[in-house]
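**Q** Dumping the structure here so I can ask a few things about it.
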Amino acid sequence: MNSPVSFLIAAQNQDGGWGYGTGMTSIVEATAAVLFALESEPSATESRRRGVDWLLKGQHTDGGWGYSQDDPESTWHTSWAVWVLARLGESDSVIAPALKWLLKINVFLTEDDALQRDILNSNGVDITIPGWAWLPGEVTWVEPTAFALLAL
């Protein structure tokens with residue numbers, strides 16, 4: 001029977017990343033999660049290096065990462081990349097621009113009380129709570145906020 005570590009190593013895509021399932025397109029979130037899982041595994045040194053290289057290739061000029069290397073817009077996936085790359089000791093030249101992107105991301109905020117009430121009543125979303133969004137310009141959500149805080 002295969003161990004979880006050998007399964008993860010075997011599931012790594014040719015490009016160095018991992019997808020949500022074996023053979024699926026490599027994405028930032030899955031790649032970072034697997035790198036966390038393989039962090040202290042001696043048999044995974046080469047897989048970690050390939051996974052880190054895949055992440056580094058996907059960093060945008062604004063410092064962030066998208067969903068995958070094909071996604072031109074930086075998103076909440078930046079938090080995953082920063083978190084794991086910092087944990088694995090990546091240099092400040094990679095981490096600093098990503099942190100800058102995380103700290104300057106624009107979210108949808110309004111002081112219009114009527115609009116705030118309408119959105120709360122229709123969608124159950126309190127847009128007065130500060131945090132991070134899934135995508136720039138959207139309202140904040142718990143999950144991207146939690147990951148941004150972990151990365152920071």
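Every chain in the structure tokens has a letter given in the order shown (A, B, ...), and although residue numbers restart at 1 in each chain, ligands are simply numbered from 1 in the order shown.
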Would you list the contacts of segment 48-59 of chain A as JSON, numbers by chain, taking every protein, DNA or RNA residue within 9 Å and counting only C-alpha atoms, but skipping same-chain residues closer than 2 positions in sequence?
**A** {"A": [9, 12, 15, 16, 17, 18, 26, 27, 28, 31, 32, 34, 35, 38, 39, 44, 45, 46, 61, 62, 63, 64, 65, 66, 68, 69, 70, 71, 74, 78, 81, 84, 85, 88, 90, 94, 98]}
**Q** Which residue out of A:Leu135, A:Trp141, A:Asp118, A:Pro4 has the minimum interatomic distance to Thr75 of chain A when only C-alpha atoms are used?
**A** A:Leu135
**Q** Calculate how many Å separate atom CA of Phe36 of chain A from atom CA of Leu8 of chain A, rounding to one decimal.
**A**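 Interatomic distance, atom CA of Phe36 of chain A to atom CA of Leu8 of chain A: 11.4 Å.
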**Q** Which polymer residues have any atom within 12 Å of an atom of Leu102 of chain A, counting only C-alpha atoms, with same-chain residues fewer than 4 positions away left out, as a PyMOL selection string?
**A** chain A and resi 62-65+74-83+95-98+106-107+131-136+144-145+147-152
**Q** For a quick check of understanding, using only C-alpha atoms, which of A:Tyr67, A:Asp92, A:Asp113, A:Val5 has the smallest distance to Gly19 of chain A?
**A** A:Tyr67
